[in-house]
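Q: Got a structure for you, questions after.
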Protein chains: 2
Amino acid sequence: MSDAKTNDRMEKIVSLCKRRGFIFQSSEIYGGINGFWDYGPLGAELKRNVKDLWWNSMTRMREDVVGLEATIIMHPAIWKASGHVDTFTDPMCDCLLTKKRFRADQIEAQSGTAYHYSGAKDSASGKQNSEAYAVLLPPGKPPESARKTATQFYQDRGLQQVELLGERTEKVENSQKFNPENGSLLTEPRPFNLMFKTHYGPVESEDNVAYLRPETAQAIFVQFKNVLETSRVKVPFGIAQIGKAFRNEVTPRNFIFRSREFEQMELEFFIKPDEAVEAVAGSVSKATAGHPGEPQPNWGWETWHKYWVEERIKFYENIGLPRTTLEEYWQKPEELAHYARATVDLLFKFPFGTQELEGIAARSDYDLSQHERFSGKGMGVFDEDLRGAWAKVDVDKKAEMQKRFVAEKAKNLVERKKLPEAEANTQAEAQAKIFFENLAKGQYIPHVIEPSAGVDRLILALIANAYAEEDVPDEKGKIETRVVMRFHPRVAPIKVAVFPLLKNKPELVKKATEIRDLLRPHMNVFYDDAGAIGRRYRRQDEAGTPFGLTIDFDTLGETPELKDTVTLRDRDTMQQVRVKIDELLPMLLAKIR
Amino acid sequence: MSDAKTNDRMEKIVSLCKRRGFIFQSSEIYGGINGFWDYGPLGAELKRNVKDLWWNSMTRMREDVVGLEATIIMHPAIWKASGHVDTFTDPMCDCLLTKKRFRADQIEAQSGTAYHYSGAKDSASGKQNSEAYAVLLPPGKPPESARKTATQFYQDRGLQQVELLGERTEKVENSQKFNPENGSLLTEPRPFNLMFKTHYGPVESEDNVAYLRPETAQAIFVQFKNVLETSRVKVPFGIAQIGKAFRNEVTPRNFIFRSREFEQMELEFFIKPDEAVEAVAGSVSKATAGHPGEPQPNWGWETWHKYWVEERIKFYENIGLPRTTLEEYWQKPEELAHYARATVDLLFKFPFGTQELEGIAARSDYDLSQHERFSGKGMGVFDEDLRGAWAKVDVDKKAEMQKRFVAEKAKNLVERKKLPEAEANTQAEAQAKIFFENLAKGQYIPHVIEPSAGVDRLILALIANAYAEEDVPDEKGKIETRVVMRFHPRVAPIKVAVFPLLKNKPELVKKATEIRDLLRPHMNVFYDDAGAIGRRYRRQDEAGTPFGLTIDFDTLGETPELKDTVTLRDRDTMQQVRVKIDELLPMLLAKIR
């Protein structure tokens with residue numbers, strides 16, 4: 001798609017979102033606040049539906065997942081353990097002249113002539129400044145322009161009558177070291193932490209810094225033991241959470257795709273390490289193509305990972321994103337985090353490009369181990385069956401498992417953590433010793449499969465996928481463009497619209513409100529009696545309402561055989577059929593569930 | 001109730017919440033974080049049910065309310081307009097010795113002898129410090145103790161060999177000016193803002209300070225125009241929102257009742273000013289005792305306010321808090337905020353005292369007017385019918401309405417804002433001029449009725465109300481204490497538990513899982529096959545599950561006339577009846593809806 005067409009489509013979507021009350025700019029009357037978006041009446045319903053469907057499919061419909069709702073502000077040590085305090089950063093450069101800040105890897109590359117200065121002298125006072133500085137000029141600009149900028153730079157540092165020192169020039173190609181707006185040299189990139197920082201308690205000091213969580217996952221790890229001990233669950237099992245997260249993105253962009261306040265739906269699914277599976281089940285299954293079916297005791301991490309990838313794709317199919325709209329991207333070994341064994345990104349073709357909708361990561365036992373180390377609280381689980389089974393594993397097999405374990409760990413340490421081979425082996429062997437000693441006692445730290453989805457980007461995917469324009473004849477046969485949001489009925493904000501043909505006929509209105517009241521306890525109903533029926537249909541097309549019911553004189557018995565029937569109009573086909581009022585509720589429920 | 005009994009009951013509730021996975025301390029493995037609580041698996045379901053019931057009753061089941069979901073971080077100017085930046089504060093004192101901070105109005109009153117010093121001298125250097133200081137000693141403590149503390153105070157300020165100056169003593173009764181822990185003088189109270197502060201964007205400066213919203217209401221006012229213009233609603237109508245809010249309470253307390261991160265369910269219901277109602281409907285209805293019934297065009301603010309008080313009580317009754325558990329507290333004129341016309345607090349008897357569950361305030365046009373002033377964006381609505389009606393109102397009546405308007409405004413300015421009478425009259429007349437000029441054009445700023453509920457304190461009320469202990473005989477006839485959570489089925493986290501009598505009989509297990517799968521798409525089902533059936537019942541009693549289904553050999557046809565029936569056990573009466581499997585779903589749905 002060309003850029004112009006892409007922007008055009010994106011603009012139409014943003015405009016419809018505003019016009020129909022799906023999404024507004026946060027704080028719009030105050031000029032907005034960059035990276036924050038509000039959900040209007042239709043958007044709030046759409047989002048609720050998506051979250052409910054995720055929650056129900058993840059928790060209620062399964063035996064092996066329970067829910068959690070943790071706070072956004074948690075103990076700051078959590079973000080030390082997770083690595084966010086130290087490494088959740090973007091590289092930033094400041095303009096040495098204006099102090100404007102740029103994300104280092106997003107600076108537009110510049111070419112031209114760089115004018116370097118070794119320093120400057122104040123000809124009035126004789127004072128000298130030996131800070132080096134440079135200005136990049138695009139081809140054709142006179143050197144005076146660079147000198148003017150450099151003079152400003154040294155004046156800002158206290159010199160009055162600036163005499164520039166040591167000017168030299170240099171040809172520069174595709175450099176990201178200069179401010180694209182004024183040519184000034186930038187500082188070297190420095191890490192900028194993306195967590196929003198605040199303070200809790202009455203004193204604002206370093207001792208009570210807190211962060212708004214940048215992800216919901218960590219709360220699940222931190223409460224793992226509490227949930228395990230209170231909920232009658234056994235590994236393998238999962239904990240699901242939906243909630244807000246915050247990232248102080250330097251350049252929020254693409255509407256609600258990358259915003260600073262967003263919502264996540266995350267599952268942490270805890271499984272046994274493969275060695276425990278092997279001890280208990282005798283062998284570990286290999287993942288095959290397609291969905292591996294119902295969970296089995298011999299599933300290792302690979303099969304569980306594949307299972308969750310397929311389950312998540314099924315979820316998207318169920319809410320109106322066919323498999324053909326998704327792309328599965330298996331991260332390459334060099335792209336993986338050092339603790340990850342595999343990560344699949346599910347991508348969607350947004351109007352602005354193909355981007356991640358969800359990541360499904362096999363995260364080993366890294367998360368729980370980190371929290372065990374930082375909190376000093378044991379994160380291991382005890383499994384009586386495992387202890388019994390391990391005692392019966394034959395010695396050769398144990399030795400072979402240990403060898404495999406060490407080889408894999410050592411390989412990982414060499415490849416991902418860049419350790420020398422000898423050191424990697426020593427570390428791997430030490431880890432193996434502890435791991436297998438615990439295993440013999442029936443103890444292990446669970447491994448984790450993490451399907452992590454972004455609510456807002458899913459909403460955007462659903463909206464982009466639903467948006468359609470069609471040329472159709474209006475009531476008088478004139479061709480007009482119909483904008484229609486083809487939401488799956490499961491996610492559509494309004495399920496059915498109820499229209500009395502005329503608002504000034506009390507019998508029609510009475511019948512229509514009766515039908516509204518019949519359906520309303522079971523689904524979101526919109527009642528509209530204003531304007532021509534064709535206009536009313538069009539409004540619901542834009543809202544994405546899959547079904548429209550018209551109550552007319554036939555409903556009241558004008559044509560006796562049509563008494564107590566209504567016209568059911570389908571949003572997508574625009575076809576109309578007569579349906580008995582008695583049959584409406586079960587028929588609609590079957591379509592929206 | 002005695003304090004001991006109260007604490008006992010509260011402790012039992014907190015302990016059950018932890019034991020059964022309703023509520024955990026946030027970040028517990030890191031020692032917790034004061035004022036933050038997580039919802040475990042059962043708590044998360046309970047909370048979801050409460051929020052869904054509120055949302056459905058407020059939006060889906062009504063024609064005149066739509067939903068909104070705004071961000072937690074909004075433009076900081078909003079909190080200027082709302083008054084939170086300037087006045088959302090607690091008075092705080094610091095200990096002059098330890099810097100420990102206290103909420104001024106919560107300091108335990110002290111009596112004893114105060115030792116005052118006018119300053120101190122360093123006998124080594126001769127340096128002098130003339131800062132006054134004092135120490136309060138309880139009766140019987142030797143003066144040396146005060147001198148020691150004062151010496152420390154001046155040493156901390158740089159004196160070496162402290163010689164105290166101008167000692168004098170004073171008898172003090174019930175003073176809040178001294179630190180109860182060490183007797184040191186405190187600073188004068190200073191306002192401490194309760195909003196959590198953060199920064200957005202890449203630079204941390206005064207220009208990009210932002211706050212975590214201390215209430216959800218303001219977002220509704222700020223998006224009022226966007227919603228009005230996109231949602232086919234007309235005044236009177238409301239906007240509902242559920243979401244997190246944050247208050248940096250100095251002393252969070254009473255479990256989840258007063259925490260630093262909490263959730264609100266707020267409705268802002270926009271109505272016409274009474275003058276507009278009078279012009280269109282001819283007169284304004286007076287609120288009567290009880291529920292005023294279905295909304296009518298002649299309702300003024302008083303009737304709308306009464307209506308919402310009654311609607312909210314109905315809501316609580318519907319989820320298991322009978323009217324008898326609630327108290328209606330009508331705020332006295334002197335307790336009202338200056339813009340409020342009436343506020344009713346709905347109180348609940350918590351184990352630690354009778355406290356507010358919800359406030360229903362008639363807030364006049366204050367909120368929208370403030371945002372109009374601060375944002376410069378018009379918040380008025382235009383009403384064609386009103387313009388027409390106003391033109392027909394007779395001149396005497398207009399004069400009378402104007403006189404009433406001025407009198408009321410002036411009275412309010414005198415009483416609440418303490419203005420002199422003449423000034424109050426001038427201001428009131430100026431306001432009247434603008435107001436009636438706009439009214440003649442069909443324009444006005446809507447007034448607001450605000451029912452504002454706290455989710456977490458409601459959860460606590462439901463838990464406290466549900467908690468019961470009973471002495472009942474166990475399976476062997478021995479009396480034991482049964483702990484049972486008598487949640488209304490509508491809010492109960494689990495609706496029904498399914499028990500195969502024995503886990504090692506495949507036919508029983510098969511039938512039980514079939515029944516589980518039949519019910520699961522419609523309600524939260526818990527499947528439990530472990531342990532004696534009596535134990536399984538008890539576990540569900542503590543979880544508050546209203547119904548238990550046992551699948552036994554009769555279900556399979558051992559007694560032919562009982563084939564395909566199950567035992568339905570009622571949590572509260574513990575009575576058991578046989579129910580046909582075919583009739584289960586509609587029967588249970590009728591009870592939980």
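Following the order of the structure tokens, chains are lettered A, B, ..., residues in each are numbered from 1, and ligands are numbered from 1.
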Counting only C-alpha atoms, which residues of chain A sit at most 6 Å from some atom of chain B, and what is each one's closest atom pair with its distance in Å to one decimal, listed by chain and rising residue number, as a tab-separated table?
A:
residue	atom	partner	partner_atom	distance
A:Arg19	CA	B:Thr230	CA	5.9
A:Arg20	CA	B:Thr230	CA	5.3
A:Gly21	CA	B:Thr230	CA	5.3
A:Ser27	CA	B:His75	CA	5.6
A:Tyr30	CA	B:Ser375	CA	5.5
A:Ile33	CA	B:His75	CA	5.7
A:Asp38	CA	B:Ala70	CA	4.2
A:Tyr39	CA	B:Glu69	CA	4.9
A:Gly40	CA	B:Leu68	CA	4.9
A:Pro41	CA	B:Gly67	CA	4.7
A:Ala44	CA	B:Glu69	CA	5.6
A:Arg60	CA	B:Asn524	CA	5.7
A:Val66	CA	B:Pro41	CA	5.6
A:Gly67	CA	B:Pro41	CA	4.7
A:Leu68	CA	B:Gly40	CA	4.9
A:Glu69	CA	B:Tyr39	CA	4.9
A:Ala70	CA	B:Asp38	CA	4.2
A:Thr71	CA	B:Asp38	CA	5.9
A:Met74	CA	B:Ser27	CA	6.0
A:His75	CA	B:Ser27	CA	5.7
A:Lys197	CA	B:Thr198	CA	5.7
A:Thr198	CA	B:Thr198	CA	5.1
A:Gly201	CA	B:Val250	CA	6.0
A:Pro202	CA	B:Val250	CA	5.7
A:Thr230	CA	B:Arg20	CA	5.3
A:Val250	CA	B:Pro202	CA	5.7
A:Ser375	CA	B:Tyr30	CA	5.5
A:Asn524	CA	B:Arg60	CA	5.7
Q: Env of Gln296 in chain B: 10 Å cut, atoms = only C-alpha atoms, seq-sep filter 4 positions within chain, self excluded. Answer as a compact mmCIF listing (two decimals) with C-alpha atoms, in the first residue's frame.
A:
# COMPACT_ATOMS: atom_id res chain seq x y z
CA ALA B 281 -42.74 22.15 31.83
CA SER B 285 -41.90 19.01 40.85
CA PRO B 292 -40.17 9.38 42.94
CA GLY B 300 -35.94 19.67 39.13
CA THR B 303 -36.35 15.23 42.60
CA TRP B 304 -33.45 13.98 40.48
Q: Range 415-419 of chain A: which residues within 10 Å, counting only C-alpha atoms, same-chain residues fewer than 6 positions away excluded, as a PyMOL selection string?
A: chain A and resi 333-339+409+425+427
Q: Include N, CA, C and O atoms and write out the residues we just selected as a short mmCIF file (atom, residue, chain, number, x, y, z; two decimals), in the first residue's frame.
A:
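So out-v9.cif came out as:
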data_model
loop_
_atom_site.label_atom_id
_atom_site.label_comp_id
_atom_site.auth_asym_id
_atom_site.auth_seq_id
_atom_site.Cartn_x
_atom_site.Cartn_y
_atom_site.Cartn_z
N PRO A 333 17.17 -16.95 17.28
CA PRO A 333 17.93 -17.12 18.54
C PRO A 333 18.60 -15.82 18.99
O PRO A 333 18.58 -15.50 20.18
N GLU A 334 19.16 -15.06 18.05
CA GLU A 334 19.89 -13.86 18.46
C GLU A 334 18.95 -12.73 18.90
O GLU A 334 19.39 -11.75 19.49
N GLU A 335 17.65 -12.86 18.63
CA GLU A 335 16.70 -11.83 19.05
C GLU A 335 16.15 -12.11 20.44
O GLU A 335 15.56 -11.22 21.07
N LEU A 336 16.29 -13.33 20.91
CA LEU A 336 15.66 -13.73 22.18
C LEU A 336 16.36 -13.10 23.38
O LEU A 336 17.58 -12.94 23.38
N ALA A 337 15.58 -12.79 24.40
CA ALA A 337 16.18 -12.41 25.68
C ALA A 337 16.97 -13.62 26.20
O ALA A 337 16.65 -14.76 25.85
N HIS A 338 17.98 -13.37 27.05
CA HIS A 338 18.89 -14.47 27.41
C HIS A 338 18.18 -15.60 28.15
O HIS A 338 18.60 -16.74 28.11
N TYR A 339 17.07 -15.29 28.83
CA TYR A 339 16.37 -16.33 29.59
C TYR A 339 15.29 -17.01 28.75
O TYR A 339 14.70 -17.99 29.17
N LYS A 409 22.53 -25.40 29.18
CA LYS A 409 22.84 -24.19 29.97
C LYS A 409 24.13 -23.55 29.49
O LYS A 409 24.23 -22.33 29.32
N ASN A 425 30.76 -23.62 31.41
CA ASN A 425 30.62 -25.00 31.88
C ASN A 425 30.58 -25.08 33.40
O ASN A 425 29.76 -25.81 33.97
N GLN A 427 29.68 -22.76 35.53
CA GLN A 427 28.40 -22.21 36.01
C GLN A 427 27.27 -23.20 35.77
O GLN A 427 26.42 -23.41 36.64
#
Q: Have a look at CA of Gly548 in chain A and CA of Lys495 in chain A and let me know their distance in Å, one decimal.
A: 8.7 Å
Q: Find the residues near Ala430 in chain A: any atom within 12 Å, counting only C-alpha atoms, skip ones fewer than 3 places away on the same chain, and give them as a VMD selection string.
A: chain A and resid 402 405 to 406 409 to 410 423 to 427 433 to 437
Q: For Arg482 in chain A, which residue out of A:Met574, A:Ala391, A:Val381, A:Ala362 is the nearest one, using only C-alpha atoms?
A: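 Of all the options, A:Met574 lies closest to Arg482 in chain A.
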Q: Can you pull out every residue within 8 Å of Val309 in chain B, counting only C-alpha atoms, but drop anything in the same chain fewer than 4 positions away, and send it as a compact mmCIF listing (two decimals) with N, CA, C and O atoms, in the first residue's frame?
A:
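Below is the file that was written, part.txt:
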# COMPACT_ATOMS: atom_id res chain seq x y z
N HIS B 305 -32.17 14.32 42.48
CA HIS B 305 -31.26 13.91 43.55
C HIS B 305 -31.87 12.78 44.37
O HIS B 305 -31.25 11.74 44.60
N ILE B 313 -29.79 2.97 46.50
CA ILE B 313 -30.16 2.04 47.57
C ILE B 313 -30.71 0.75 46.97
O ILE B 313 -30.36 -0.36 47.40
N VAL B 344 -26.02 13.37 50.04
CA VAL B 344 -26.42 12.28 50.91
C VAL B 344 -25.29 11.27 50.94
O VAL B 344 -24.79 10.87 49.90
N ILE B 360 -23.95 10.79 47.27
CA ILE B 360 -24.75 11.24 46.13
C ILE B 360 -24.93 12.75 46.29
O ILE B 360 -25.63 13.21 47.18
N PRO B 451 -23.74 10.35 41.81
CA PRO B 451 -23.61 9.19 42.70
C PRO B 451 -22.21 8.60 42.52
O PRO B 451 -21.84 8.18 41.44
Q: Would you tabulate, counting only C-alpha atoms, all residues of range 21-113 of chain B that have an atom at most 8 Å from an atom of range 125-137 of chain B, showing the closest pair of atoms and their distance in Å to one decimal, sorted by chain then ascending number, as a tab-separated table?
A:
residue	atom	partner	partner_atom	distance
B:Ser111	CA	B:Leu136	CA	7.9
B:Gly112	CA	B:Leu137	CA	5.6
B:Thr113	CA	B:Leu137	CA	5.3
Q: Which is closest to Thr98 in chain A among A:Tyr444, A:Phe153, A:Tyr329, A:Tyr316, if we use only C-alpha atoms?
A: A:Phe153
Q: In terms of the shortest atom-to-atom distance over only C-alpha atoms, which of B:Leu185, B:Ile220, B:Leu460, B:Ala440 is closest to Leu321 in chain B?
A: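 Once distances to Leu321 in chain B are computed over only C-alpha atoms, the minimum belongs to B:Leu460.
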Q: Record the distance separating CA of Met485 in chain B and CA of Ile463 in chain B, expressed in Å with one decimal.
A: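 These atoms are spaced 7.3 Å apart.
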Q: According to DSSP computed on the backbone, where in range 413-518 of chain B is there strand (DSSP E)? Give the residues as number ranges by chain.
A: B: 443-444, 447-454, 467-473, 479-485, 496-500
Q: Got a sec: who's within 8 Å of Val280 in chain B, counting only C-alpha atoms, leaving out chain neighbours fewer than 6 positions off, as a list in words?
A: Asp385, Leu386, Ala389 and Trp390 of chain B
Q: Where in range 442-570 of chain B does DSSP assign helix (DSSP H, G or I), given as a PyMOL selection string?
A: chain B and resi 455-466+506-519+533-543+560-562
Q: When you draw a straight line from CA of Leu562 in chain B to CA of Thr513 in chain B, how long is it in Å?
A: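 According to the coordinates, CA of Leu562 in chain B and CA of Thr513 in chain B are separated by 18.8 Å.
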